[in-house]
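Pasted below: data.txt, compact mmCIF, C-alpha atoms and all ligand atoms.
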```txt
# COMPACT_ATOMS: atom_id res chain seq x y z
CA MET A 232 -13.78 -19.74 -19.27
CA LYS A 233 -13.30 -16.65 -17.11
CA LYS A 234 -10.48 -16.85 -14.58
CA ASN A 235 -11.36 -16.08 -10.98
CA ILE A 236 -8.82 -13.70 -9.50
CA LEU A 237 -8.86 -12.80 -5.82
CA ILE A 238 -7.58 -9.36 -4.84
CA THR A 239 -7.40 -8.80 -1.08
CA GLY A 240 -7.49 -5.29 0.38
CA GLY A 241 -9.03 -3.91 -2.80
CA ALA A 242 -10.99 -1.20 -0.98
CA GLY A 243 -7.79 0.36 0.36
CA PHE A 244 -5.41 2.85 -1.23
CA ILE A 245 -3.23 0.75 -3.56
CA GLY A 246 -5.72 -2.12 -3.81
CA SER A 247 -8.40 0.15 -5.28
CA HIS A 248 -6.06 1.18 -8.11
CA VAL A 249 -5.12 -2.45 -8.77
CA VAL A 250 -8.76 -3.60 -8.76
CA ARG A 251 -9.78 -0.82 -11.18
CA LEU A 252 -6.86 -1.58 -13.52
CA PHE A 253 -7.61 -5.33 -13.59
CA VAL A 254 -11.40 -4.97 -13.93
CA ASN A 255 -11.04 -2.54 -16.86
CA LYS A 256 -8.08 -4.20 -18.58
CA TYR A 257 -9.06 -7.87 -18.24
CA PRO A 258 -12.73 -8.48 -19.11
CA ASN A 259 -11.93 -12.21 -19.14
CA TYR A 260 -11.10 -12.20 -15.46
CA ARG A 261 -13.73 -12.23 -12.75
CA ILE A 262 -12.20 -9.98 -10.08
CA ILE A 263 -13.24 -10.79 -6.53
CA ASN A 264 -12.29 -8.03 -4.13
CA LEU A 265 -12.10 -9.32 -0.55
CA ASP A 266 -11.85 -6.60 2.05
CA ALA A 267 -12.80 -6.35 5.73
CA LEU A 268 -13.54 -2.63 5.33
CA THR A 269 -11.46 -1.61 8.32
CA TYR A 270 -11.08 2.12 8.94
CA ALA A 271 -8.75 2.16 5.87
CA GLY A 272 -11.11 0.41 3.45
CA ASN A 273 -13.58 2.54 1.53
CA LEU A 274 -15.92 1.35 -1.21
CA GLU A 275 -16.21 4.96 -2.41
CA ASN A 276 -12.78 4.32 -3.93
CA LEU A 277 -14.40 1.92 -6.43
CA ARG A 278 -17.75 3.50 -7.14
CA ASP A 279 -17.00 3.87 -10.88
CA ILE A 280 -16.53 0.10 -11.37
CA ASP A 281 -19.11 -1.07 -8.85
CA SER A 282 -21.61 -2.33 -11.42
CA LYS A 283 -19.15 -3.95 -13.86
CA VAL A 284 -20.12 -7.55 -14.64
CA ASN A 285 -16.63 -8.92 -14.04
CA TYR A 286 -16.36 -7.40 -10.55
CA THR A 287 -17.60 -8.73 -7.20
CA PHE A 288 -17.01 -7.27 -3.76
CA ILE A 289 -17.03 -9.55 -0.72
CA LYS A 290 -16.75 -8.21 2.79
CA GLY A 291 -14.66 -10.56 4.91
CA ASP A 292 -11.70 -10.86 7.22
CA ILE A 293 -8.56 -12.77 6.19
CA THR A 294 -7.88 -13.65 9.83
CA ASP A 295 -10.99 -15.89 9.72
CA LEU A 296 -9.62 -19.24 8.45
CA ALA A 297 -13.00 -20.96 7.99
CA PHE A 298 -14.28 -18.03 5.95
CA VAL A 299 -11.13 -17.88 3.81
CA SER A 300 -11.13 -21.66 3.10
CA ASN A 301 -14.80 -21.60 2.12
CA LEU A 302 -14.18 -18.69 -0.20
CA PHE A 303 -11.44 -20.66 -2.00
CA LYS A 304 -13.74 -23.71 -2.19
CA ASN A 305 -16.56 -21.64 -3.70
CA TYR A 306 -14.54 -19.64 -6.20
CA LYS A 307 -11.59 -21.98 -6.95
CA PHE A 308 -9.37 -18.97 -7.58
CA ASP A 309 -6.83 -19.12 -10.40
CA GLY A 310 -4.75 -16.36 -8.91
CA VAL A 311 -4.37 -14.25 -5.79
CA LEU A 312 -3.04 -10.71 -5.43
CA HIS A 313 -2.65 -10.15 -1.71
CA LEU A 314 -2.67 -6.51 -0.60
CA ALA A 315 -4.85 -6.60 2.54
CA ALA A 316 -2.83 -5.38 5.48
CA GLU A 317 -2.67 -3.12 8.46
CA SER A 318 -0.41 -0.52 6.88
CA HIS A 319 0.26 2.42 9.18
CA VAL A 320 3.55 2.38 11.13
CA ASP A 321 2.25 4.68 13.89
CA ARG A 322 -0.72 2.42 14.55
CA SER A 323 1.63 -0.59 14.68
CA ILE A 324 3.54 1.13 17.48
CA SER A 325 0.40 1.60 19.56
CA ASP A 326 -1.32 -1.72 18.63
CA PRO A 327 1.16 -4.33 17.29
CA LEU A 328 -1.21 -7.27 17.72
CA ALA A 329 -3.62 -6.11 15.01
CA PHE A 330 -0.62 -6.16 12.63
CA ILE A 331 0.43 -9.66 13.70
CA MET A 332 -3.12 -10.89 13.15
CA THR A 333 -3.82 -9.42 9.71
CA ASN A 334 -0.35 -9.26 8.21
CA ILE A 335 0.98 -12.61 9.49
CA VAL A 336 -1.96 -14.83 10.47
CA GLY A 337 -4.13 -13.47 7.64
CA THR A 338 -1.37 -14.17 5.09
CA VAL A 339 -0.87 -17.71 6.39
CA ASN A 340 -4.63 -18.34 6.14
CA LEU A 341 -4.54 -17.31 2.48
CA LEU A 342 -1.43 -19.42 1.82
CA ASN A 343 -3.06 -22.48 3.42
CA ALA A 344 -6.30 -22.00 1.51
CA ALA A 345 -4.41 -21.62 -1.79
CA LYS A 346 -2.25 -24.69 -1.02
CA GLU A 347 -5.34 -26.77 -0.35
CA CYS A 348 -7.29 -25.45 -3.32
CA TRP A 349 -4.38 -25.95 -5.75
CA ALA A 350 -3.15 -29.25 -4.25
CA ASN A 351 -3.90 -31.28 -7.40
CA ASP A 352 -3.08 -28.68 -10.01
CA MET A 353 -0.69 -25.79 -9.55
CA ASP A 354 -0.34 -25.11 -13.30
CA ASP A 355 -1.10 -21.53 -14.27
CA LYS A 356 -1.78 -20.58 -10.67
CA LYS A 357 -0.08 -17.67 -8.92
CA PHE A 358 -0.04 -16.30 -5.37
CA TYR A 359 1.30 -12.76 -5.53
CA HIS A 360 2.25 -11.16 -2.21
CA ILE A 361 2.56 -7.36 -2.26
CA SER A 362 5.01 -5.97 0.28
CA THR A 363 7.04 -2.96 1.29
CA ASP A 364 10.65 -1.77 1.15
CA GLU A 365 10.44 -1.15 4.92
CA VAL A 366 11.35 -4.82 5.50
CA TYR A 367 14.96 -3.97 4.56
CA GLY A 368 15.41 -1.56 7.48
CA SER A 369 17.15 1.79 7.28
CA LEU A 370 19.88 3.06 4.93
CA GLY A 371 22.69 5.52 5.57
CA LYS A 372 23.42 8.39 3.19
CA THR A 373 24.30 6.10 0.28
CA GLY A 374 23.26 2.77 -1.22
CA LYS A 375 19.92 1.30 -2.24
CA PHE A 376 17.92 -1.79 -1.36
CA THR A 377 18.23 -4.63 -3.88
CA GLU A 378 16.33 -7.91 -3.83
CA ALA A 379 19.42 -9.44 -2.15
CA THR A 380 19.49 -6.97 0.76
CA SER A 381 19.11 -8.72 4.12
CA TYR A 382 15.92 -8.09 6.02
CA ASP A 383 16.23 -5.78 9.05
CA PRO A 384 12.73 -4.55 9.97
CA ARG A 385 12.55 -1.96 12.78
CA SER A 386 8.83 -1.30 13.40
CA PRO A 387 6.05 -3.73 14.31
CA TYR A 388 4.56 -2.94 10.87
CA SER A 389 7.70 -3.77 8.92
CA ALA A 390 8.43 -6.79 11.15
CA SER A 391 4.95 -8.16 10.43
CA LYS A 392 5.39 -7.60 6.68
CA ALA A 393 8.88 -9.18 6.80
CA SER A 394 7.42 -12.18 8.57
CA SER A 395 4.70 -12.56 5.94
CA ASP A 396 7.30 -12.28 3.13
CA HIS A 397 9.34 -15.08 4.73
CA LEU A 398 6.26 -17.26 5.10
CA VAL A 399 5.30 -16.75 1.45
CA ARG A 400 8.82 -17.81 0.40
CA ALA A 401 8.68 -20.75 2.82
CA TYR A 402 5.47 -21.99 1.12
CA PHE A 403 7.28 -21.81 -2.23
CA HIS A 404 10.27 -23.82 -1.00
CA THR A 405 8.39 -26.25 1.21
CA TYR A 406 5.14 -26.87 -0.68
CA LYS A 407 6.09 -25.60 -4.19
CA LEU A 408 3.27 -23.06 -3.97
CA PRO A 409 3.65 -20.83 -7.07
CA VAL A 410 4.39 -17.49 -5.45
CA VAL A 411 5.83 -14.17 -6.53
CA LEU A 412 6.59 -11.14 -4.34
CA SER A 413 7.33 -7.45 -4.67
CA ASN A 414 8.64 -4.82 -2.28
CA CYS A 415 7.75 -1.24 -3.15
CA SER A 416 8.68 2.20 -1.87
CA ASN A 417 6.21 4.86 -0.62
CA ASN A 418 3.20 5.43 -2.86
CA TYR A 419 1.36 8.69 -3.42
CA GLY A 420 -1.90 9.36 -5.26
CA ALA A 421 -5.69 9.42 -4.94
CA ASN A 422 -7.62 7.38 -2.32
CA GLN A 423 -4.94 7.35 0.39
CA PHE A 424 -6.24 7.48 3.95
CA PRO A 425 -5.41 10.93 5.40
CA GLU A 426 -3.32 9.56 8.26
CA LYS A 427 -0.47 9.25 5.72
CA LEU A 428 1.85 12.20 5.08
CA ILE A 429 0.70 13.58 1.72
CA PRO A 430 -3.13 13.59 2.11
CA LEU A 431 -2.74 14.66 5.74
CA VAL A 432 -0.65 17.68 4.78
CA ILE A 433 -2.90 18.63 1.84
CA ASN A 434 -5.95 18.54 4.10
CA ASN A 435 -4.27 20.51 6.88
CA ILE A 436 -3.01 23.20 4.53
CA LYS A 437 -6.51 23.54 3.11
CA ASN A 438 -7.91 23.97 6.62
CA SER A 439 -4.98 26.14 7.83
CA LYS A 440 -4.11 23.58 10.52
CA PRO A 441 -0.56 22.84 11.78
CA LEU A 442 1.52 20.51 9.57
CA PRO A 443 3.10 17.97 11.96
CA ILE A 444 6.60 16.84 10.93
CA TYR A 445 8.45 14.17 12.88
CA GLY A 446 11.86 15.11 14.35
CA LYS A 447 13.83 17.42 12.08
CA GLY A 448 12.02 16.28 8.93
CA ASP A 449 15.26 14.87 7.52
CA ASN A 450 14.06 11.28 7.04
CA ILE A 451 14.24 10.31 3.38
CA ARG A 452 11.67 8.33 1.41
CA ASP A 453 11.45 7.30 -2.25
CA TRP A 454 8.04 8.21 -3.73
CA LEU A 455 6.23 6.40 -6.55
CA PHE A 456 2.89 7.32 -8.17
CA VAL A 457 0.31 4.72 -7.14
CA LYS A 458 -0.83 4.09 -10.73
CA ASP A 459 2.76 3.17 -11.62
CA HIS A 460 2.80 0.71 -8.72
CA ALA A 461 -0.44 -0.81 -10.05
CA LEU A 462 1.15 -1.16 -13.51
CA ALA A 463 4.20 -2.84 -11.94
CA ILE A 464 1.87 -5.23 -10.09
CA ASP A 465 0.10 -6.04 -13.37
CA SER A 466 3.40 -6.80 -15.03
CA ILE A 467 4.73 -8.92 -12.13
CA TYR A 468 1.47 -10.84 -11.80
CA HIS A 469 1.51 -11.77 -15.49
CA ASP A 470 5.21 -12.03 -16.33
CA GLY A 471 7.07 -12.30 -13.01
CA LYS A 472 8.96 -15.57 -12.52
CA ILE A 473 7.60 -17.98 -9.92
CA GLY A 474 9.60 -17.87 -6.69
CA GLU A 475 11.12 -14.45 -7.50
CA THR A 476 10.98 -11.09 -5.76
CA TYR A 477 10.93 -7.72 -7.54
CA ASN A 478 11.78 -4.37 -5.99
CA ILE A 479 9.69 -1.44 -7.23
CA GLY A 480 10.67 2.21 -6.76
CA GLY A 481 10.53 5.66 -8.27
CA ASP A 482 14.19 6.84 -8.08
CA ASN A 483 12.65 9.84 -6.42
CA GLU A 484 14.06 10.56 -2.96
CA TRP A 485 12.79 13.41 -0.79
CA THR A 486 13.31 14.43 2.81
CA ASN A 487 9.95 14.73 4.53
CA LEU A 488 10.59 18.43 5.12
CA ASP A 489 11.38 19.21 1.46
CA LEU A 490 8.35 17.23 0.32
CA VAL A 491 6.07 19.15 2.68
CA LYS A 492 7.62 22.48 1.62
CA LYS A 493 6.96 21.61 -2.02
CA LEU A 494 3.35 20.75 -1.17
CA CYS A 495 3.03 24.09 0.64
CA ASP A 496 4.31 26.04 -2.36
CA ILE A 497 1.97 24.30 -4.82
CA MET A 498 -1.00 24.65 -2.46
CA ASP A 499 -0.30 28.39 -1.93
CA GLN A 500 -0.63 28.85 -5.69
CA LYS A 501 -3.74 26.68 -6.02
CA LEU A 502 -5.50 28.34 -3.09
CA ASN A 503 -4.38 31.84 -4.15
CA ARG A 504 -2.60 32.36 -0.87
CA GLU A 505 0.47 34.50 -0.30
CA THR A 506 3.67 32.63 -1.20
CA GLY A 507 5.20 31.11 1.95
CA SER A 508 2.03 31.28 4.03
CA SER A 509 1.48 27.50 4.20
CA GLN A 510 5.10 26.86 5.20
CA GLN A 511 4.39 28.86 8.35
CA LEU A 512 2.08 26.02 9.42
CA ILE A 513 4.98 23.54 9.63
CA THR A 514 5.26 22.26 13.23
CA PHE A 515 8.00 19.87 14.32
CA VAL A 516 6.74 17.16 16.70
CA LYS A 517 8.52 14.49 18.75
CA ASP A 518 10.11 11.94 16.42
CA ARG A 519 8.46 8.58 15.74
CA ALA A 520 10.00 5.81 17.89
CA GLY A 521 12.58 3.82 15.87
CA HIS A 522 12.09 6.12 12.86
CA ASP A 523 14.01 4.71 9.86
CA GLN A 524 16.34 7.32 8.39
CA ARG A 525 16.36 6.56 4.68
CA TYR A 526 14.79 4.15 2.18
CA ALA A 527 15.86 3.89 -1.46
CA ILE A 528 15.11 1.20 -4.02
CA ASP A 529 17.24 -0.26 -6.77
CA ALA A 530 14.57 -1.26 -9.32
CA THR A 531 17.02 -2.55 -11.96
CA LYS A 532 15.62 -6.08 -11.93
CA ILE A 533 12.01 -5.23 -12.78
CA LYS A 534 13.17 -2.68 -15.36
CA LYS A 535 15.52 -5.12 -17.09
CA GLU A 536 13.48 -8.32 -16.82
CA LEU A 537 9.93 -7.02 -17.19
CA GLY A 538 10.47 -3.71 -19.00
CA TRP A 539 8.55 -1.75 -16.34
CA GLN A 540 9.48 1.80 -15.43
CA PRO A 541 7.62 4.72 -13.87
CA SER A 542 5.46 6.30 -16.57
CA ILE A 543 4.60 9.55 -14.81
CA GLN A 544 7.06 12.27 -13.84
CA PHE A 545 6.89 13.22 -10.17
CA GLU A 546 5.85 16.84 -10.90
CA GLU A 547 2.89 15.65 -12.96
CA GLY A 548 1.79 12.89 -10.56
CA PHE A 549 2.11 15.21 -7.58
CA GLU A 550 -0.01 17.89 -9.25
CA GLN A 551 -2.66 15.31 -10.23
CA THR A 552 -2.70 14.03 -6.64
CA ILE A 553 -3.14 17.47 -5.07
CA ASP A 554 -5.91 18.31 -7.56
CA TRP A 555 -7.69 15.03 -6.75
CA TYR A 556 -7.79 15.74 -3.00
CA LEU A 557 -8.92 19.32 -3.59
CA ARG A 558 -11.69 18.16 -5.96
CA ASN A 559 -12.84 15.35 -3.65
CA SER A 560 -13.51 17.17 -0.41
CA ASP A 561 -16.62 15.01 0.21
CA TRP A 562 -14.43 11.88 0.13
CA MET A 563 -12.11 13.50 2.66
CA ASN A 564 -14.91 14.79 4.91
CA ASN A 565 -16.61 11.38 5.01
CA ILE A 566 -13.39 9.78 6.18
CA LEU A 567 -12.64 12.34 8.86
CA SER A 568 -15.03 10.64 11.23
CA GLY A 569 -15.01 10.69 15.02
CA ASP A 570 -12.69 7.66 15.24
CA TYR A 571 -10.06 9.14 12.99
CA GLU A 572 -10.20 12.50 14.74
CA LYS A 573 -9.49 10.71 18.05
CA PHE A 574 -6.47 8.92 16.58
CA TYR A 575 -5.19 12.19 15.13
CA GLU A 576 -5.48 14.04 18.44
CA GLN A 577 -3.56 11.29 20.26
CA GLN A 578 -0.87 11.17 17.63
CA TYR A 579 0.01 14.81 17.13
CA THR A 580 -1.12 16.74 20.15
CA ASN A 581 0.21 16.84 23.73
CA ARG A 582 3.66 15.84 22.55
P1 LIG A 601 -4.43 0.52 3.11
O1 LIG A 601 -4.30 0.54 4.59
O2 LIG A 601 -4.86 1.75 2.39
O3 LIG A 601 -5.46 -0.65 2.68
C1 LIG A 601 -5.47 -1.90 3.29
C2 LIG A 601 -6.80 -2.58 2.97
O4 LIG A 601 -6.79 -3.87 3.60
C3 LIG A 601 -8.02 -1.82 3.51
O5 LIG A 601 -9.01 -1.71 2.52
C4 LIG A 601 -8.49 -2.68 4.68
O6 LIG A 601 -9.90 -2.62 4.89
C5 LIG A 601 -8.04 -4.07 4.24
N1 LIG A 601 -7.83 -4.98 5.39
C6 LIG A 601 -7.15 -4.71 6.53
N2 LIG A 601 -7.22 -5.77 7.37
C7 LIG A 601 -7.94 -6.72 6.72
C8 LIG A 601 -8.35 -8.03 7.07
N3 LIG A 601 -8.02 -8.57 8.25
N4 LIG A 601 -9.07 -8.75 6.18
C9 LIG A 601 -9.42 -8.22 4.98
N5 LIG A 601 -9.07 -6.96 4.60
C10 LIG A 601 -8.34 -6.22 5.47
O7 LIG A 601 -3.03 -0.01 2.58
P2 LIG A 601 -2.23 0.35 1.24
O8 LIG A 601 -1.39 1.53 1.50
O9 LIG A 601 -3.16 0.33 0.10
O10 LIG A 601 -1.26 -0.91 1.15
C11 LIG A 601 -1.66 -2.11 0.48
C12 LIG A 601 -0.52 -3.10 0.53
O11 LIG A 601 0.63 -2.56 -0.11
C13 LIG A 601 -0.10 -3.46 1.95
O12 LIG A 601 0.19 -4.83 1.98
C14 LIG A 601 1.15 -2.63 2.18
O13 LIG A 601 2.01 -3.29 3.07
C15 LIG A 601 1.73 -2.58 0.78
N6 LIG A 601 2.55 -1.39 0.48
C16 LIG A 601 2.06 -0.13 0.73
C17 LIG A 601 2.84 0.98 0.37
C18 LIG A 601 2.34 2.40 0.56
O14 LIG A 601 3.08 3.34 0.30
N7 LIG A 601 1.09 2.61 0.94
C19 LIG A 601 4.11 0.80 -0.19
C20 LIG A 601 4.56 -0.50 -0.40
C21 LIG A 601 3.76 -1.59 -0.09
```
Just dump the structure as structure tokens.
Ligand code: NAD
Amino acid sequence: MKKNILITGGAGFIGSHVVRLFVNKYPNYRIINLDALTYAGNLENLRDIDSKVNYTFIKGDITDLAFVSNLFKNYKFDGVLHLAAESHVDRSISDPLAFIMTNIVGTVNLLNAAKECWANDMDDKKFYHISTDEVYGSLGKTGKFTEATSYDPRSPYSASKASSDHLVRAYFHTYKLPVVLSNCSNNYGANQFPEKLIPLVINNIKNSKPLPIYGKGDNIRDWLFVKDHALAIDSIYHDGKIGETYNIGGDNEWTNLDLVKKLCDIMDQKLNRETGSSQQLITFVKDRAGHDQRYAIDATKIKKELGWQPSIQFEEGFEQTIDWYLRNSDWMNNILSGDYEKFYEQQYTNR
């Protein structure tokens, strides 16, 4: 019998790569993609698998408990991969409540529905909560986050994700719900909403618009290709030990400024512009409030226990990513709607 697997947030950036991977790789699963289609959700991201027989899309909001419980009653899910979230730090600073609702209340709704649905039989069930390295706070010049690092979230986004991580672990300890978690570093790749650094900068270079960089641009992030995150999620969902957490990262640290300069250089070549011309668009803007200085992940556990490691070199993944955004200008133009333009203006102008 086919297993029913619920993937939440599958119309978003990372979720769309996970849904595609699971639909294509596991014909014996029926993949149900539950997504509210907020500004960040886009069914265009999944057009190629839309008509597959083992794939169903359901529009719905995880903050709606009655809806979520009914869904579990109807589909009797065997597994859950939970990616739905409000995910943009800047938006969490201007509207924290939306993050509390989706990231905390929405997660608890899913946990409760799974607990009820699996009350008589937890065998072979799994609730996989996908989270971020931002829950660990900010690092100095050295050191890396391990699974044992204490939580120290600094933004409403990371605090809401930290809270949801704790609740997922609490359901494991208190109710024996079969959970597994992962915390990953920054992802890059196709389908990312252009409020995030890499697609935003690619689009602005293309349109010769200023490239806004927070503060001095010296904040450091570790970058992982989104398809490698999806492969890690596949491996953790199938082989991760119940109750455990796995850190996922790319061993690939960049300051924001160096990353943007690299993008500028590659884009100059691709657009046949004079070398250095895009770098002239770099504009430093007032720093993000509470901006974490550095994130870095120690991914030893997943590498040793599950044999996962990044499969794509940064240079190659970065090039593929830039080419994808340049090829898919319709995707970008459709997203750059009135609402997003308003958000953009508020965020980066009049500072
Ligand atoms: P995203 O913002 O691109 O996508 C989120 C998706 O969730 C969207 O499709 C949106 O419509 C949906 N959604 C939002 N609220 C919902 C609700 N109330 N009910 C149902 N669906 C809702 O996010 P992403 O970057 O793909 O991140 C996915 C997950 O991975 C998040 O949990 C995030 O915390 C985590 N994560 C992201 C990164 C990263 O670099 N992007 C890194 C580590 C972990």
> Could you state the separation of atom CA of A:Asn565 and atom CA of A:Gly448 in Å, given to one decimal place?
Replying inline: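 One can read the atom CA of A:Asn565 to atom CA of A:Gly448 distance as 29.3 Å.
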Give me the residues of chain A that have any atom at most 7 Å from an atom of ligand LIG 601 (chain A); for each, the nearest atom pair and the distance in Å, rounded to one decimal. Use only C-alpha atoms and all ligand atoms, sort by chain and number, and format it as JSON lines.
```
{"residue": "A:Thr239", "atom": "CA", "partner": "A:LIG601", "partner_atom": "N5", "distance": 6.2}
{"residue": "A:Gly240", "atom": "CA", "partner": "A:LIG601", "partner_atom": "O4", "distance": 3.6}
{"residue": "A:Gly241", "atom": "CA", "partner": "A:LIG601", "partner_atom": "O5", "distance": 5.8}
{"residue": "A:Ala242", "atom": "CA", "partner": "A:LIG601", "partner_atom": "O5", "distance": 4.1}
{"residue": "A:Gly243", "atom": "CA", "partner": "A:LIG601", "partner_atom": "O5", "distance": 3.2}
{"residue": "A:Phe244", "atom": "CA", "partner": "A:LIG601", "partner_atom": "O9", "distance": 3.6}
{"residue": "A:Ile245", "atom": "CA", "partner": "A:LIG601", "partner_atom": "O9", "distance": 3.7}
{"residue": "A:Gly246", "atom": "CA", "partner": "A:LIG601", "partner_atom": "O9", "distance": 5.3}
{"residue": "A:Leu265", "atom": "CA", "partner": "A:LIG601", "partner_atom": "C9", "distance": 6.2}
{"residue": "A:Asp266", "atom": "CA", "partner": "A:LIG601", "partner_atom": "N5", "distance": 3.8}
{"residue": "A:Ala267", "atom": "CA", "partner": "A:LIG601", "partner_atom": "C9", "distance": 3.9}
{"residue": "A:Leu268", "atom": "CA", "partner": "A:LIG601", "partner_atom": "O6", "distance": 3.7}
{"residue": "A:Thr269", "atom": "CA", "partner": "A:LIG601", "partner_atom": "O6", "distance": 3.9}
{"residue": "A:Tyr270", "atom": "CA", "partner": "A:LIG601", "partner_atom": "O6", "distance": 6.3}
{"residue": "A:Ala271", "atom": "CA", "partner": "A:LIG601", "partner_atom": "C3", "distance": 4.7}
{"residue": "A:Gly272", "atom": "CA", "partner": "A:LIG601", "partner_atom": "O5", "distance": 3.1}
{"residue": "A:Asn273", "atom": "CA", "partner": "A:LIG601", "partner_atom": "O5", "distance": 6.3}
{"residue": "A:Gly291", "atom": "CA", "partner": "A:LIG601", "partner_atom": "C9", "distance": 5.7}
{"residue": "A:Asp292", "atom": "CA", "partner": "A:LIG601", "partner_atom": "N4", "distance": 3.5}
{"residue": "A:Ile293", "atom": "CA", "partner": "A:LIG601", "partner_atom": "N4", "distance": 4.1}
{"residue": "A:Thr294", "atom": "CA", "partner": "A:LIG601", "partner_atom": "N3", "distance": 5.3}
{"residue": "A:Leu314", "atom": "CA", "partner": "A:LIG601", "partner_atom": "C12", "distance": 4.2}
{"residue": "A:Ala315", "atom": "CA", "partner": "A:LIG601", "partner_atom": "O4", "distance": 3.5}
{"residue": "A:Ala316", "atom": "CA", "partner": "A:LIG601", "partner_atom": "C6", "distance": 4.5}
{"residue": "A:Glu317", "atom": "CA", "partner": "A:LIG601", "partner_atom": "C6", "distance": 5.1}
{"residue": "A:Ser318", "atom": "CA", "partner": "A:LIG601", "partner_atom": "O1", "distance": 4.6}
{"residue": "A:His319", "atom": "CA", "partner": "A:LIG601", "partner_atom": "O1", "distance": 6.7}
{"residue": "A:Thr333", "atom": "CA", "partner": "A:LIG601", "partner_atom": "N3", "distance": 4.5}
{"residue": "A:Gly337", "atom": "CA", "partner": "A:LIG601", "partner_atom": "N3", "distance": 6.3}
{"residue": "A:Ile361", "atom": "CA", "partner": "A:LIG601", "partner_atom": "O12", "distance": 5.5}
{"residue": "A:Ser362", "atom": "CA", "partner": "A:LIG601", "partner_atom": "C21", "distance": 4.6}
{"residue": "A:Thr363", "atom": "CA", "partner": "A:LIG601", "partner_atom": "C21", "distance": 3.8}
{"residue": "A:Asp364", "atom": "CA", "partner": "A:LIG601", "partner_atom": "C20", "distance": 6.4}
{"residue": "A:Lys392", "atom": "CA", "partner": "A:LIG601", "partner_atom": "O13", "distance": 6.6}
{"residue": "A:Asn414", "atom": "CA", "partner": "A:LIG601", "partner_atom": "C20", "distance": 6.2}
{"residue": "A:Cys415", "atom": "CA", "partner": "A:LIG601", "partner_atom": "C20", "distance": 4.3}
{"residue": "A:Ser416", "atom": "CA", "partner": "A:LIG601", "partner_atom": "C19", "distance": 5.1}
{"residue": "A:Asn417", "atom": "CA", "partner": "A:LIG601", "partner_atom": "O14", "distance": 3.6}
{"residue": "A:Asn418", "atom": "CA", "partner": "A:LIG601", "partner_atom": "O14", "distance": 3.8}
{"residue": "A:Tyr419", "atom": "CA", "partner": "A:LIG601", "partner_atom": "O14", "distance": 6.7}
{"residue": "A:Gln423", "atom": "CA", "partner": "A:LIG601", "partner_atom": "O2", "distance": 5.9}
{"residue": "A:Phe424", "atom": "CA", "partner": "A:LIG601", "partner_atom": "O2", "distance": 6.1}
```
> What does the distance between atom CA of A:Lys517 and atom CA of A:Arg322 come to in Å, to one decimal place?
Replying inline: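 For atom CA of A:Lys517 relative to atom CA of A:Arg322, the distance reads 15.8 Å.
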Can you list, as a tab-separated table (two decimals) with C-alpha atoms, in the coordinates of the input, every protein, DNA or RNA residue that comes within 12 Å of A:Trp454 when you count only C-alpha atoms, leaving out same-chain residues fewer than 6 positions away?
```tsv
chain	number	residue	atom	x	y	z
A	364	ASP	CA	10.65	-1.77	1.15
A	415	CYS	CA	7.75	-1.24	-3.15
A	416	SER	CA	8.68	2.20	-1.87
A	417	ASN	CA	6.21	4.86	-0.62
A	418	ASN	CA	3.20	5.43	-2.86
A	419	TYR	CA	1.36	8.69	-3.42
A	420	GLY	CA	-1.90	9.36	-5.26
A	428	LEU	CA	1.85	12.20	5.08
A	429	ILE	CA	0.70	13.58	1.72
A	460	HIS	CA	2.80	0.71	-8.72
A	479	ILE	CA	9.69	-1.44	-7.23
A	480	GLY	CA	10.67	2.21	-6.76
A	481	GLY	CA	10.53	5.66	-8.27
A	482	ASP	CA	14.19	6.84	-8.08
A	483	ASN	CA	12.65	9.84	-6.42
A	484	GLU	CA	14.06	10.56	-2.96
A	485	TRP	CA	12.79	13.41	-0.79
A	486	THR	CA	13.31	14.43	2.81
A	487	ASN	CA	9.95	14.73	4.53
A	490	LEU	CA	8.35	17.23	0.32
A	525	ARG	CA	16.36	6.56	4.68
A	526	TYR	CA	14.79	4.15	2.18
A	527	ALA	CA	15.86	3.89	-1.46
A	528	ILE	CA	15.11	1.20	-4.02
A	541	PRO	CA	7.62	4.72	-13.87
A	543	ILE	CA	4.60	9.55	-14.81
A	544	GLN	CA	7.06	12.27	-13.84
A	545	PHE	CA	6.89	13.22	-10.17
A	546	GLU	CA	5.85	16.84	-10.90
A	548	GLY	CA	1.79	12.89	-10.56
A	549	PHE	CA	2.11	15.21	-7.58
```
>> I'd like to know which of A:Ser509, A:Ser300, A:Asn422, A:Ser395 is closest to A:Ser247, using all atoms listed in the file.
In response: A:Asn422
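The coordinates place atom CA of A:Asn343 at 12.6 Å from atom CA of A:Val410.
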Find the axis-aligned box for stretch 440-449 of chain A, covering all its listed atoms and adding 5 Å on each side, and write its centre and edge lengths in Å to one decimal as lines of an AutoDock Vina configuration file.
```
center_x = 5.6
center_y = 18.9
center_z = 10.9
size_x = 29.4
size_y = 19.4
size_z = 16.8
```
> Which of these residues is nearest to A:Ser542, using only C-alpha atoms: A:Ala329, A:Leu312, A:Leu455, A:Ile263?
Replying inline: A:Leu455
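If you measure from each of A:Tyr260, A:Ala297, A:Gly310, A:Asn334 to A:Asp354 using all atoms listed in the file, the closest one turns out to be A:Gly310.
For A:Val411, the list of residues within 10 Å, based on only C-alpha atoms and with local chain neighbours fewer than 5 positions off taken out, reads Leu312, Lys357, Phe358, Tyr359, His360, Ile361, Asp396, Val399, Arg400, Phe403, Ile467, Tyr468, Gly471, Lys472, Ile473, Gly474, Glu475, Thr476 and Tyr477 of chain A.
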> Which residue out of A:Leu398, A:Ala390, A:Ile566, A:Ala461 has the minimum interatomic distance to A:Ile324 when all atoms listed in the file are used?
Replying inline: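 Among the listed residues, the smallest separation from A:Ile324 belongs to A:Ala390.
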